>>> print(open('query.txt').read())   # compact mmCIF, C-alpha atoms and all ligand atoms
# COMPACT_ATOMS: atom_id res chain seq x y z
CA MET A 1 -73.63 57.99 -63.83
CA HIS A 2 -73.40 57.09 -60.12
CA ASP A 3 -73.95 59.68 -57.37
CA VAL A 4 -70.96 58.35 -55.40
CA ILE A 5 -68.19 55.81 -56.01
CA VAL A 6 -66.44 54.54 -52.87
CA VAL A 7 -62.93 53.14 -53.40
CA GLY A 8 -62.20 50.46 -50.75
CA ALA A 9 -64.51 48.21 -48.74
CA GLY A 10 -62.88 48.49 -45.30
CA PRO A 11 -64.96 49.85 -42.39
CA SER A 12 -64.56 53.47 -43.57
CA GLY A 13 -65.63 52.75 -47.16
CA SER A 14 -68.46 50.34 -46.36
CA SER A 15 -69.92 52.58 -43.65
CA SER A 16 -69.75 55.56 -46.06
CA ALA A 17 -71.64 53.46 -48.63
CA LEU A 18 -74.15 52.32 -45.99
CA PHE A 19 -74.90 55.86 -44.78
CA LEU A 20 -75.25 57.25 -48.31
CA ALA A 21 -77.33 54.31 -49.57
CA ARG A 22 -79.69 54.79 -46.63
CA ARG A 23 -80.19 58.34 -47.93
CA GLY A 24 -81.30 56.87 -51.26
CA LEU A 25 -78.19 57.79 -53.27
CA ASP A 26 -76.80 55.62 -56.09
CA VAL A 27 -73.56 54.27 -54.56
CA LEU A 28 -70.98 51.91 -56.07
CA ILE A 29 -68.19 50.34 -53.95
CA ILE A 30 -65.05 49.17 -55.78
CA GLU A 31 -62.73 46.91 -53.76
CA LYS A 32 -59.47 45.56 -55.15
CA LYS A 33 -59.53 42.29 -53.20
CA ARG A 34 -62.11 39.52 -53.38
CA LEU A 35 -64.35 39.68 -50.30
CA PRO A 36 -64.19 38.59 -47.57
CA ARG A 37 -60.58 39.72 -47.32
CA TYR A 38 -58.18 39.44 -44.39
CA LYS A 39 -56.93 42.65 -42.73
CA VAL A 40 -54.14 42.69 -40.12
CA CYS A 41 -55.84 44.27 -37.11
CA ALA A 42 -56.32 43.60 -33.39
CA GLY A 43 -59.99 44.42 -33.99
CA GLY A 44 -60.51 46.27 -30.68
CA THR A 45 -63.46 48.64 -30.68
CA SER A 46 -66.30 50.06 -28.59
CA ARG A 47 -70.10 50.15 -28.44
CA TYR A 48 -69.92 53.66 -29.87
CA ILE A 49 -69.27 52.42 -33.43
CA PHE A 50 -72.35 50.18 -33.39
CA GLU A 51 -74.41 53.17 -32.30
CA LEU A 52 -73.01 55.18 -35.23
CA LEU A 53 -73.85 52.32 -37.60
CA GLY A 54 -77.30 51.86 -36.04
CA VAL A 55 -76.75 48.09 -35.72
CA PRO A 56 -76.22 46.11 -32.46
CA PRO A 57 -72.84 44.43 -31.72
CA SER A 58 -74.53 40.99 -31.90
CA TYR A 59 -75.21 41.54 -35.64
CA PHE A 60 -71.44 41.43 -36.21
CA ASP A 61 -70.81 38.67 -33.61
CA ALA A 62 -68.63 41.16 -31.71
CA PHE A 63 -66.75 39.55 -28.81
CA ASN A 64 -67.50 41.28 -25.49
CA ILE A 65 -64.41 42.18 -23.43
CA GLU A 66 -64.80 42.07 -19.64
CA LYS A 67 -61.29 42.67 -18.31
CA LEU A 68 -58.16 44.69 -19.02
CA LYS A 69 -54.70 43.46 -17.99
CA VAL A 70 -51.74 45.84 -18.13
CA CYS A 71 -48.29 44.27 -17.82
CA TYR A 72 -44.93 45.94 -17.23
CA GLU A 73 -41.89 43.67 -16.88
CA ASP A 74 -43.11 41.01 -14.40
CA ARG A 75 -45.82 43.17 -12.80
CA VAL A 76 -49.49 42.91 -13.78
CA ARG A 77 -52.49 45.13 -12.99
CA GLU A 78 -56.04 43.98 -13.66
CA TYR A 79 -59.18 46.05 -14.11
CA SER A 80 -62.84 45.28 -14.87
CA ILE A 81 -64.39 46.83 -17.94
CA PRO A 82 -67.99 48.15 -17.66
CA GLY A 83 -70.45 45.71 -19.30
CA ASN A 84 -70.91 45.66 -23.08
CA SER A 85 -68.71 48.67 -23.76
CA ILE A 86 -65.58 47.21 -25.40
CA PHE A 87 -65.52 44.51 -28.07
CA THR A 88 -63.20 42.77 -30.50
CA LEU A 89 -63.99 41.91 -34.10
CA HIS A 90 -62.68 39.52 -36.73
CA ARG A 91 -61.96 42.11 -39.39
CA ASP A 92 -62.62 39.87 -42.39
CA ARG A 93 -66.09 38.96 -41.02
CA PHE A 94 -66.95 42.45 -39.72
CA ASP A 95 -65.88 44.28 -42.89
CA TYR A 96 -67.72 41.81 -45.13
CA LYS A 97 -70.95 42.00 -43.10
CA LEU A 98 -70.76 45.78 -43.20
CA THR A 99 -70.28 45.74 -47.00
CA LYS A 100 -73.21 43.35 -47.38
CA LEU A 101 -75.33 45.60 -45.16
CA ALA A 102 -74.52 48.55 -47.41
CA CYS A 103 -75.60 46.42 -50.41
CA GLN A 104 -78.83 45.38 -48.67
CA ASN A 105 -79.53 49.10 -48.33
CA GLY A 106 -79.06 49.63 -52.05
CA ALA A 107 -75.29 50.09 -52.66
CA LYS A 108 -73.67 48.08 -55.46
CA LEU A 109 -70.35 46.24 -55.08
CA ILE A 110 -67.57 45.27 -57.45
CA ASP A 111 -64.81 43.32 -55.72
CA GLY A 112 -61.56 41.87 -57.09
CA GLU A 113 -61.02 44.98 -59.20
CA GLU A 114 -58.53 47.74 -58.47
CA VAL A 115 -59.01 51.44 -59.18
CA ILE A 116 -55.90 52.55 -61.05
CA GLU A 117 -56.76 55.92 -62.53
CA ILE A 118 -59.17 58.79 -62.19
CA GLU A 119 -59.98 61.37 -64.82
CA GLU A 120 -61.71 64.60 -64.04
CA GLU A 121 -64.14 66.28 -66.41
CA ASN A 122 -66.29 69.34 -65.75
CA ASN A 123 -68.77 68.05 -63.22
CA SER A 124 -67.95 64.36 -63.11
CA LEU A 125 -65.14 61.86 -62.63
CA THR A 126 -64.28 58.73 -64.59
CA VAL A 127 -62.83 55.91 -62.52
CA LYS A 128 -60.73 53.31 -64.40
CA THR A 129 -59.93 49.85 -63.09
CA ASN A 130 -57.17 47.32 -63.75
CA LEU A 131 -59.67 45.21 -65.74
CA GLY A 132 -60.22 48.06 -68.18
CA HIS A 133 -63.67 49.02 -66.90
CA LYS A 134 -64.73 52.67 -66.64
CA PHE A 135 -67.34 54.10 -64.28
CA LYS A 136 -68.68 57.64 -64.19
CA THR A 137 -69.56 59.36 -60.95
CA ARG A 138 -70.47 62.75 -59.57
CA TYR A 139 -68.57 62.28 -56.29
CA LEU A 140 -65.74 60.01 -55.18
CA ILE A 141 -64.83 58.80 -51.69
CA GLY A 142 -61.25 57.61 -51.14
CA ALA A 143 -61.47 54.84 -48.52
CA ASP A 144 -58.49 52.93 -49.87
CA GLY A 145 -56.44 52.88 -46.67
CA VAL A 146 -52.80 53.75 -45.95
CA GLY A 147 -50.89 54.69 -49.12
CA SER A 148 -54.15 55.80 -50.74
CA LYS A 149 -54.14 56.36 -54.51
CA ILE A 150 -57.05 58.76 -54.10
CA ALA A 151 -55.06 60.86 -51.60
CA ARG A 152 -52.29 61.10 -54.21
CA PHE A 153 -54.83 62.03 -56.87
CA ILE A 154 -56.01 65.04 -54.83
CA GLY A 155 -52.42 66.02 -54.00
CA SER A 156 -52.64 65.18 -50.29
CA LYS A 157 -49.19 64.08 -49.15
CA PHE A 158 -48.35 62.37 -45.88
CA ARG A 159 -44.59 62.80 -45.69
CA TYR A 160 -43.71 61.56 -42.21
CA ARG A 161 -42.48 58.03 -41.49
CA ILE A 162 -45.55 55.87 -41.00
CA PRO A 163 -45.40 53.64 -37.88
CA LEU A 164 -45.61 49.89 -38.35
CA ALA A 165 -47.45 47.18 -36.43
CA ILE A 166 -47.03 43.43 -36.68
CA GLN A 167 -49.33 40.67 -35.56
CA LYS A 168 -49.91 36.93 -35.54
CA ASP A 169 -53.40 35.39 -35.24
CA ILE A 170 -53.36 32.15 -33.24
CA PRO A 171 -56.45 29.89 -33.30
CA TYR A 172 -57.51 29.47 -29.66
CA LYS A 173 -60.65 27.83 -28.26
CA ASP A 174 -62.79 29.84 -25.80
CA PRO A 175 -60.29 32.54 -24.83
CA GLU A 176 -60.84 34.58 -21.68
CA PRO A 177 -62.59 37.89 -22.45
CA THR A 178 -59.52 39.86 -21.35
CA ILE A 179 -57.41 42.24 -23.41
CA SER A 180 -53.77 42.38 -22.32
CA LEU A 181 -51.49 45.33 -22.99
CA PHE A 182 -47.72 45.05 -22.56
CA MET A 183 -45.76 48.17 -21.66
CA GLY A 184 -41.98 48.48 -21.59
CA LEU A 185 -41.62 45.88 -24.33
CA VAL A 186 -40.69 48.19 -27.13
CA PRO A 187 -39.64 51.88 -27.06
CA MET A 188 -42.46 54.28 -28.05
CA GLY A 189 -44.97 51.50 -28.49
CA TYR A 190 -46.73 48.57 -26.85
CA GLY A 191 -47.65 44.93 -27.27
CA TRP A 192 -51.09 43.32 -27.06
CA ILE A 193 -53.01 40.09 -26.84
CA PHE A 194 -56.61 40.57 -27.99
CA PRO A 195 -58.99 37.61 -27.81
CA LYS A 196 -61.66 37.09 -30.47
CA ASP A 197 -64.16 34.24 -30.11
CA ASP A 198 -61.81 31.57 -31.54
CA THR A 199 -58.52 33.46 -31.94
CA LEU A 200 -55.82 35.38 -30.08
CA SER A 201 -54.39 38.34 -31.99
CA ILE A 202 -50.89 38.91 -30.64
CA GLY A 203 -48.97 41.93 -31.83
CA ILE A 204 -46.77 44.95 -31.25
CA GLY A 205 -46.79 48.44 -32.68
CA ALA A 206 -44.24 51.23 -32.29
CA TYR A 207 -43.71 54.78 -33.50
CA SER A 208 -40.05 54.41 -34.30
CA PHE A 209 -38.51 51.00 -34.01
CA SER A 210 -36.52 48.94 -36.47
CA PRO A 211 -39.01 46.78 -38.44
CA ARG A 212 -36.31 44.06 -38.58
CA ARG A 213 -36.16 43.80 -34.78
CA MET A 214 -39.93 43.75 -34.28
CA PRO A 215 -40.45 39.96 -34.79
CA GLN A 216 -37.77 39.31 -32.13
CA VAL A 217 -39.70 41.43 -29.62
CA LEU A 218 -43.00 39.84 -30.64
CA SER A 219 -41.53 36.39 -29.97
CA LYS A 220 -41.57 37.27 -26.22
CA LEU A 221 -45.37 37.43 -26.37
CA LEU A 222 -45.60 34.39 -28.61
CA LYS A 223 -43.51 32.12 -26.40
CA ASP A 224 -46.54 30.20 -25.06
CA PHE A 225 -48.01 29.74 -28.53
CA ASP A 226 -45.70 27.60 -30.63
CA ARG A 227 -47.22 28.11 -34.11
CA LYS A 228 -44.28 28.66 -36.46
CA ASP A 229 -46.55 27.68 -39.37
CA ILE A 230 -48.59 30.88 -38.95
CA PRO A 231 -46.97 33.93 -40.52
CA ILE A 232 -46.36 37.25 -38.78
CA LEU A 233 -48.08 39.95 -40.80
CA ALA A 234 -47.16 43.63 -40.86
CA HIS A 235 -49.14 46.74 -41.78
CA PRO A 236 -48.58 50.48 -41.34
CA ILE A 237 -50.87 52.45 -39.01
CA ALA A 238 -52.27 55.74 -40.33
CA PHE A 239 -51.85 57.81 -37.17
CA TYR A 240 -52.82 61.48 -37.27
CA ARG A 241 -49.80 63.77 -37.60
CA GLY A 242 -51.24 67.14 -38.49
CA LYS A 243 -53.71 68.57 -40.96
CA LYS A 244 -53.72 67.79 -44.68
CA ARG A 245 -55.94 68.44 -47.62
CA LEU A 246 -58.76 65.91 -47.43
CA ALA A 247 -61.10 67.13 -50.15
CA THR A 248 -61.49 68.76 -53.54
CA LYS A 249 -64.76 69.94 -55.07
CA ASN A 250 -65.85 66.33 -55.80
CA VAL A 251 -63.47 63.96 -53.93
CA ILE A 252 -63.10 63.29 -50.20
CA LEU A 253 -60.93 61.00 -48.07
CA VAL A 254 -62.16 58.92 -45.13
CA GLY A 255 -60.48 56.64 -42.56
CA ASP A 256 -56.88 55.56 -43.02
CA SER A 257 -56.61 57.28 -46.39
CA ALA A 258 -57.11 60.54 -44.42
CA HIS A 259 -54.59 59.47 -41.71
CA ILE A 260 -56.92 59.91 -38.76
CA ALA A 261 -56.19 56.83 -36.63
CA ASP A 262 -55.92 57.68 -32.93
CA PRO A 263 -52.18 58.11 -32.11
CA PHE A 264 -52.75 57.17 -28.45
CA SER A 265 -55.04 54.12 -28.57
CA GLY A 266 -54.01 52.90 -32.02
CA GLU A 267 -57.67 52.69 -33.06
CA GLY A 268 -58.60 53.46 -36.64
CA ILE A 269 -62.03 51.83 -36.98
CA ARG A 270 -63.92 54.38 -34.85
CA ASN A 271 -62.49 57.46 -36.55
CA GLY A 272 -62.95 55.78 -39.94
CA ILE A 273 -66.68 55.36 -39.29
CA LYS A 274 -66.93 58.85 -37.78
CA SER A 275 -65.36 60.31 -40.93
CA ALA A 276 -67.86 58.30 -43.01
CA LYS A 277 -70.70 59.96 -41.09
CA ILE A 278 -69.20 63.39 -41.78
CA ALA A 279 -68.75 62.43 -45.46
CA GLU A 280 -72.44 61.44 -45.62
CA GLU A 281 -73.57 64.76 -44.12
CA THR A 282 -71.26 66.74 -46.43
CA ILE A 283 -72.28 64.94 -49.62
CA THR A 284 -76.04 65.12 -48.95
CA GLU A 285 -75.76 68.81 -48.09
CA CYS A 286 -73.73 69.50 -51.25
CA ILE A 287 -76.22 67.67 -53.45
CA LYS A 288 -79.11 69.65 -51.91
CA LYS A 289 -77.39 73.03 -52.20
CA ASN A 290 -75.36 72.22 -55.31
CA LYS A 291 -72.05 73.30 -53.78
CA PRO A 292 -68.51 71.81 -53.83
CA LEU A 293 -67.30 69.31 -51.20
CA SER A 294 -64.10 71.21 -50.39
CA PHE A 295 -65.27 72.35 -46.91
CA TYR A 296 -65.21 68.68 -45.78
CA THR A 297 -61.56 69.11 -44.72
CA GLU A 298 -62.47 71.90 -42.29
CA ARG A 299 -65.61 70.12 -41.09
CA LEU A 300 -63.75 66.89 -40.36
CA TYR A 301 -60.89 68.61 -38.55
CA ASN A 302 -63.35 70.76 -36.56
CA ALA A 303 -64.87 67.53 -35.30
CA MET A 304 -61.63 65.63 -34.70
CA ALA A 305 -58.38 67.58 -34.87
CA ARG A 306 -58.21 68.81 -31.27
CA GLU A 307 -58.69 65.35 -29.80
CA LEU A 308 -56.30 63.80 -32.33
CA PHE A 309 -53.67 66.41 -31.50
CA LEU A 310 -54.03 65.80 -27.74
CA ALA A 311 -53.88 62.02 -28.33
CA TRP A 312 -50.66 62.56 -30.24
CA MET A 313 -49.20 64.71 -27.42
CA MET A 314 -50.28 62.24 -24.74
CA SER A 315 -48.87 59.29 -26.64
CA GLY A 316 -45.48 61.08 -26.64
CA ILE A 317 -45.51 61.23 -22.83
CA PHE A 318 -47.17 57.87 -22.21
CA TYR A 319 -44.90 55.81 -24.42
CA LYS A 320 -41.72 57.61 -23.38
CA PHE A 321 -42.21 57.17 -19.62
CA GLN A 322 -43.86 53.75 -19.58
CA GLY A 323 -42.39 52.60 -16.24
CA ARG A 324 -43.50 55.74 -14.39
CA ILE A 325 -46.92 55.72 -16.00
CA PHE A 326 -47.38 52.06 -15.01
CA ASN A 327 -46.56 52.97 -11.38
CA LEU A 328 -49.27 55.67 -11.45
CA MET A 329 -51.87 53.24 -12.76
CA ASP A 330 -52.69 51.73 -9.36
CA ARG A 331 -54.41 55.02 -8.48
CA PHE A 332 -56.81 54.93 -11.42
CA ASP A 333 -59.63 52.68 -12.57
CA MET A 334 -58.07 52.09 -15.99
CA GLY A 335 -60.87 49.77 -17.18
CA THR A 336 -63.49 52.50 -16.79
CA ILE A 337 -61.18 55.20 -18.18
CA LEU A 338 -60.44 53.10 -21.29
CA SER A 339 -64.12 52.28 -21.77
CA ASN A 340 -65.16 55.94 -21.37
CA LEU A 341 -62.44 57.10 -23.76
CA LEU A 342 -63.29 54.57 -26.47
CA ASN A 343 -67.00 55.29 -26.08
CA GLU A 344 -66.43 59.07 -26.20
CA LYS A 345 -67.90 59.60 -22.72
CA ILE A 346 -64.69 61.35 -21.76
CA SER A 347 -62.29 63.30 -23.98
CA TYR A 348 -58.49 63.56 -23.99
CA LEU A 349 -58.98 67.20 -22.99
CA GLN A 350 -60.94 66.17 -19.88
CA ILE A 351 -58.31 63.56 -18.96
CA LEU A 352 -55.53 66.11 -19.40
CA LYS A 353 -57.38 68.69 -17.28
CA LYS A 354 -57.90 66.11 -14.50
CA LEU A 355 -54.21 65.15 -14.57
CA LEU A 356 -53.08 68.78 -14.46
CA LYS A 357 -55.46 69.51 -11.54
CA ARG A 358 -53.96 66.58 -9.64
CA ILE A 359 -50.40 67.74 -10.36
CA PHE A 360 -51.17 71.33 -9.25
CA TYR A 361 -52.93 70.07 -6.09
CA ARG A 362 -49.97 67.85 -5.16
CA THR A 363 -47.48 70.66 -5.83
CA TYR A 364 -49.62 73.02 -3.71
CA LEU A 365 -49.65 70.51 -0.82
CA MET A 366 -45.87 69.99 -1.09
CA VAL A 367 -45.13 73.72 -1.08
CA PHE A 368 -47.63 74.89 1.56
CA SER A 369 -47.85 72.00 4.03
C1 LIG B 401 -51.59 45.42 -36.46
C2 LIG B 401 -52.71 46.41 -36.43
C3 LIG B 401 -53.60 46.40 -35.37
C4 LIG B 401 -54.66 47.31 -35.35
N1 LIG B 401 -55.55 47.24 -34.32
C5 LIG B 401 -56.62 48.06 -34.30
C6 LIG B 401 -57.60 47.95 -33.27
O1 LIG B 401 -57.51 47.11 -32.36
N2 LIG B 401 -58.66 48.79 -33.31
C7 LIG B 401 -58.82 49.73 -34.30
O2 LIG B 401 -59.79 50.49 -34.27
N3 LIG B 401 -57.89 49.86 -35.28
C8 LIG B 401 -56.81 49.04 -35.31
N4 LIG B 401 -55.90 49.14 -36.33
C9 LIG B 401 -56.11 50.15 -37.38
C10 LIG B 401 -57.23 49.69 -38.33
O3 LIG B 401 -56.93 48.41 -38.83
C11 LIG B 401 -57.37 50.67 -39.51
O4 LIG B 401 -57.38 51.98 -39.00
C12 LIG B 401 -58.66 50.40 -40.28
O5 LIG B 401 -58.56 49.20 -40.99
C13 LIG B 401 -58.98 51.55 -41.25
O6 LIG B 401 -60.07 51.19 -42.07
P1 LIG B 401 -60.20 51.77 -43.55
O7 LIG B 401 -61.51 51.29 -44.05
O8 LIG B 401 -59.93 53.22 -43.54
O9 LIG B 401 -58.99 51.12 -44.36
P2 LIG B 401 -58.71 49.57 -44.67
O10 LIG B 401 -59.33 48.71 -43.64
O11 LIG B 401 -57.25 49.46 -44.90
O12 LIG B 401 -59.48 49.33 -46.03
C14 LIG B 401 -59.03 49.87 -47.25
C15 LIG B 401 -59.58 48.99 -48.36
O13 LIG B 401 -59.28 49.60 -49.62
C16 LIG B 401 -58.90 48.60 -50.55
N5 LIG B 401 -58.12 49.26 -51.61
C17 LIG B 401 -56.89 49.80 -51.52
N6 LIG B 401 -56.51 50.35 -52.69
C18 LIG B 401 -57.54 50.14 -53.55
C19 LIG B 401 -57.75 50.47 -54.92
N7 LIG B 401 -56.83 51.14 -55.63
N8 LIG B 401 -58.92 50.10 -55.51
C20 LIG B 401 -59.87 49.44 -54.80
N9 LIG B 401 -59.72 49.10 -53.50
C21 LIG B 401 -58.57 49.45 -52.88
C22 LIG B 401 -58.11 47.62 -49.70
O14 LIG B 401 -58.02 46.34 -50.31
C23 LIG B 401 -58.91 47.61 -48.40
O15 LIG B 401 -59.90 46.61 -48.39
C24 LIG B 401 -54.82 48.26 -36.39
C25 LIG B 401 -53.91 48.28 -37.44
C26 LIG B 401 -52.86 47.39 -37.47
C27 LIG B 401 -51.90 47.42 -38.62
>>> encode(input="query.txt", output="structure tokens")
Amino acid sequence: MHDVIVVGAGPSGSSSALFLARRGLDVLIIEKKRLPRYKVCAGGTSRYIFELLGVPPSYFDAFNIEKLKVCYEDRVREYSIPGNSIFTLHRDRFDYKLTKLACQNGAKLIDGEEVIEIEEENNSLTVKTNLGHKFKTRYLIGADGVGSKIARFIGSKFRYRIPLAIQKDIPYKDPEPTISLFMGLVPMGYGWIFPKDDTLSIGIGAYSFSPRRMPQVLSKLLKDFDRKDIPILAHPIAFYRGKKRLATKNVILVGDSAHIADPFSGEGIRNGIKSAKIAEETITECIKKNKPLSFYTERLYNAMARELFLAWMMSGIFYKFQGRIFNLMDRFDMGTILSNLLNEKISYLQILKKLLKRIFYRTYLMVFS
């Protein structure tokens, strides 16, 4: 019997396996696709995740981003990004290296096999795969992404309409280390061009926009890159939209399967790895004290829910009033703000407090001067 089975070898699953294997536990990862597998993703991330993983960005050949460009209609603002703080990743390469790192630390991997059923006995679970194999485990981690089977198994339902993002990856030699964000392109969403060492990931994502019309909008960003042979790929984004059940006595959800992607920045990798760290702490504590995992839900939301909620609120304002927000941007050093936010040196709460202070100060000056 394994101590832990992890379903899914994305960043959330592989980092969970890595952290638990480093603790000396018997961990098995089951991934339905053959690795390395492609994942639609802009791959934007920050130094913070490498610190959580305890591995430098160079290990994953992360591409260092030096500049941020924000575009609205025909206007462009440019900002510098503090050194070595924001990176992009090729998800197939990053995820695979992370899985291999977990295996080098003692985890076992079965890829090309899908988990289709779970049976619960007294103090163990039996995991069944599409190839008819059965594996017994004490604990199970659901890291199987949006539409998670494991979430369904524990009765955790995400009923709201899940936003969609689409993207095309264009091979491109020596791109500039600049990420470009496009506001005003799509209601309640934005477009992006993210360079990776040999590729440009060009995409759009929106909260509520007709999926059929999305390729038409994306074509505005693709106009300089005539690669009709490369398909546009779509994938839902597991934004946070309120609390759910994320654990039972022996099963927990991490990453996209727990719907904890940041509703403001669109990032899911960082919160996925953060949830893996919390899963590691919870499981090791429960093994030591022989107690159920159920308190993971509360522990995870204590660590994340306030920031996720504020990100959700701020995204509502930001994406609704894109023109006005763009006009305000000349007063702020957006490169440093973005870097600090993604590296958790500043919180949404602190940003909101600063904004409110500014608004009150301006109102005070208007009324009393
Ligand atoms: C277009 C787009 C752009 C994005 N850009 C960014 C970005 O720039 N930065 C960022 O941080 N985030 C971004 N995201 C979000 C990010 O991709 C996800 O949040 C992230 O992949 C979550 O990782 P995960 O490990 O939880 O899930 P996933 O990466 O989805 O991994 C889940 C794994 O589980 C496997 N699996 C599923 N079901 C089973 C099963 N039954 N049995 C076995 N295996 C199974 C899947 O094959 C998959 O490998 C973007 C998303 C989209 C769609």
>>> residues_near_ligand(input="query.txt", ligand="ligand LIG 401 (chain B)", cutoff="6 Å", atoms="all atoms listed in the file", output="NGL selection string")
:A and (7-13 or 30-33 or 40-45 or 114-116 or 143-145 or 149 or 165-167 or 235-237 or 255-257 or 261 or 266-270 or 272)
>>> write_last_selection(input="query.txt", atoms="C-alpha atoms", output="PDB file, keeping the file's coordinate frame")
ATOM      1  CA  VAL A   7     -62.930  53.140 -53.400  1.00  0.00           C
ATOM      2  CA  GLY A   8     -62.200  50.460 -50.750  1.00  0.00           C
ATOM      3  CA  ALA A   9     -64.510  48.210 -48.740  1.00  0.00           C
ATOM      4  CA  GLY A  10     -62.880  48.490 -45.300  1.00  0.00           C
ATOM      5  CA  PRO A  11     -64.960  49.850 -42.390  1.00  0.00           C
ATOM      6  CA  SER A  12     -64.560  53.470 -43.570  1.00  0.00           C
ATOM      7  CA  GLY A  13     -65.630  52.750 -47.160  1.00  0.00           C
ATOM      8  CA  ILE A  30     -65.050  49.170 -55.780  1.00  0.00           C
ATOM      9  CA  GLU A  31     -62.730  46.910 -53.760  1.00  0.00           C
ATOM     10  CA  LYS A  32     -59.470  45.560 -55.150  1.00  0.00           C
ATOM     11  CA  LYS A  33     -59.530  42.290 -53.200  1.00  0.00           C
ATOM     12  CA  VAL A  40     -54.140  42.690 -40.120  1.00  0.00           C
ATOM     13  CA  CYS A  41     -55.840  44.270 -37.110  1.00  0.00           C
ATOM     14  CA  ALA A  42     -56.320  43.600 -33.390  1.00  0.00           C
ATOM     15  CA  GLY A  43     -59.990  44.420 -33.990  1.00  0.00           C
ATOM     16  CA  GLY A  44     -60.510  46.270 -30.680  1.00  0.00           C
ATOM     17  CA  THR A  45     -63.460  48.640 -30.680  1.00  0.00           C
ATOM     18  CA  GLU A 114     -58.530  47.740 -58.470  1.00  0.00           C
ATOM     19  CA  VAL A 115     -59.010  51.440 -59.180  1.00  0.00           C
ATOM     20  CA  ILE A 116     -55.900  52.550 -61.050  1.00  0.00           C
ATOM     21  CA  ALA A 143     -61.470  54.840 -48.520  1.00  0.00           C
ATOM     22  CA  ASP A 144     -58.490  52.930 -49.870  1.00  0.00           C
ATOM     23  CA  GLY A 145     -56.440  52.880 -46.670  1.00  0.00           C
ATOM     24  CA  LYS A 149     -54.140  56.360 -54.510  1.00  0.00           C
ATOM     25  CA  ALA A 165     -47.450  47.180 -36.430  1.00  0.00           C
ATOM     26  CA  ILE A 166     -47.030  43.430 -36.680  1.00  0.00           C
ATOM     27  CA  GLN A 167     -49.330  40.670 -35.560  1.00  0.00           C
ATOM     28  CA  HIS A 235     -49.140  46.740 -41.780  1.00  0.00           C
ATOM     29  CA  PRO A 236     -48.580  50.480 -41.340  1.00  0.00           C
ATOM     30  CA  ILE A 237     -50.870  52.450 -39.010  1.00  0.00           C
ATOM     31  CA  GLY A 255     -60.480  56.640 -42.560  1.00  0.00           C
ATOM     32  CA  ASP A 256     -56.880  55.560 -43.020  1.00  0.00           C
ATOM     33  CA  SER A 257     -56.610  57.280 -46.390  1.00  0.00           C
ATOM     34  CA  ALA A 261     -56.190  56.830 -36.630  1.00  0.00           C
ATOM     35  CA  GLY A 266     -54.010  52.900 -32.020  1.00  0.00           C
ATOM     36  CA  GLU A 267     -57.670  52.690 -33.060  1.00  0.00           C
ATOM     37  CA  GLY A 268     -58.600  53.460 -36.640  1.00  0.00           C
ATOM     38  CA  ILE A 269     -62.030  51.830 -36.980  1.00  0.00           C
ATOM     39  CA  ARG A 270     -63.920  54.380 -34.850  1.00  0.00           C
ATOM     40  CA  GLY A 272     -62.950  55.780 -39.940  1.00  0.00           C
TER      41      GLY A 272
END
>>> residues_near_point(input="query.txt", point="(-48.6, 56.4, -21.4)", cutoff="12 Å", atoms="all atoms listed in the file", output="ChimeraX atom specification")
/A:70,72,181-184,187-190,263-265,311-329,334
>>> residues_around(input="query.txt", residues="A:Cys103", least_positions_apart="6", cutoff="9 Å", atoms="all atoms listed in the file", output="JSON, numbers by chain")
{"A": [17, 18, 21, 109]}
>>> atom_distance(input="query.txt", atom1="atom CA of A:Tyr59", atom2="atom CA of A:Lys97")
8.6 Å
>>> residues_around(input="query.txt", residues="stretch 99-102 of chain A", least_positions_apart="3", cutoff="12 Å", atoms="all atoms listed in the file", output="compact mmCIF listing (two decimals) with C-alpha atoms, in the frame of the given file")
# COMPACT_ATOMS: atom_id res chain seq x y z
CA VAL A 6 -66.44 54.54 -52.87
CA GLY A 8 -62.20 50.46 -50.75
CA ALA A 9 -64.51 48.21 -48.74
CA GLY A 10 -62.88 48.49 -45.30
CA PRO A 11 -64.96 49.85 -42.39
CA SER A 12 -64.56 53.47 -43.57
CA GLY A 13 -65.63 52.75 -47.16
CA SER A 14 -68.46 50.34 -46.36
CA SER A 15 -69.92 52.58 -43.65
CA SER A 16 -69.75 55.56 -46.06
CA ALA A 17 -71.64 53.46 -48.63
CA LEU A 18 -74.15 52.32 -45.99
CA PHE A 19 -74.90 55.86 -44.78
CA LEU A 20 -75.25 57.25 -48.31
CA ALA A 21 -77.33 54.31 -49.57
CA ARG A 22 -79.69 54.79 -46.63
CA ARG A 23 -80.19 58.34 -47.93
CA GLY A 24 -81.30 56.87 -51.26
CA LEU A 25 -78.19 57.79 -53.27
CA ASP A 26 -76.80 55.62 -56.09
CA VAL A 27 -73.56 54.27 -54.56
CA LEU A 28 -70.98 51.91 -56.07
CA ILE A 29 -68.19 50.34 -53.95
CA ILE A 30 -65.05 49.17 -55.78
CA GLU A 31 -62.73 46.91 -53.76
CA LEU A 35 -64.35 39.68 -50.30
CA PRO A 36 -64.19 38.59 -47.57
CA ARG A 37 -60.58 39.72 -47.32
CA LEU A 53 -73.85 52.32 -37.60
CA GLY A 54 -77.30 51.86 -36.04
CA VAL A 55 -76.75 48.09 -35.72
CA TYR A 59 -75.21 41.54 -35.64
CA PHE A 60 -71.44 41.43 -36.21
CA ARG A 91 -61.96 42.11 -39.39
CA ASP A 92 -62.62 39.87 -42.39
CA ARG A 93 -66.09 38.96 -41.02
CA PHE A 94 -66.95 42.45 -39.72
CA ASP A 95 -65.88 44.28 -42.89
CA TYR A 96 -67.72 41.81 -45.13
CA ASN A 105 -79.53 49.10 -48.33
CA GLY A 106 -79.06 49.63 -52.05
CA ALA A 107 -75.29 50.09 -52.66
CA LYS A 108 -73.67 48.08 -55.46
CA LEU A 109 -70.35 46.24 -55.08
CA ILE A 110 -67.57 45.27 -57.45
CA ASP A 111 -64.81 43.32 -55.72
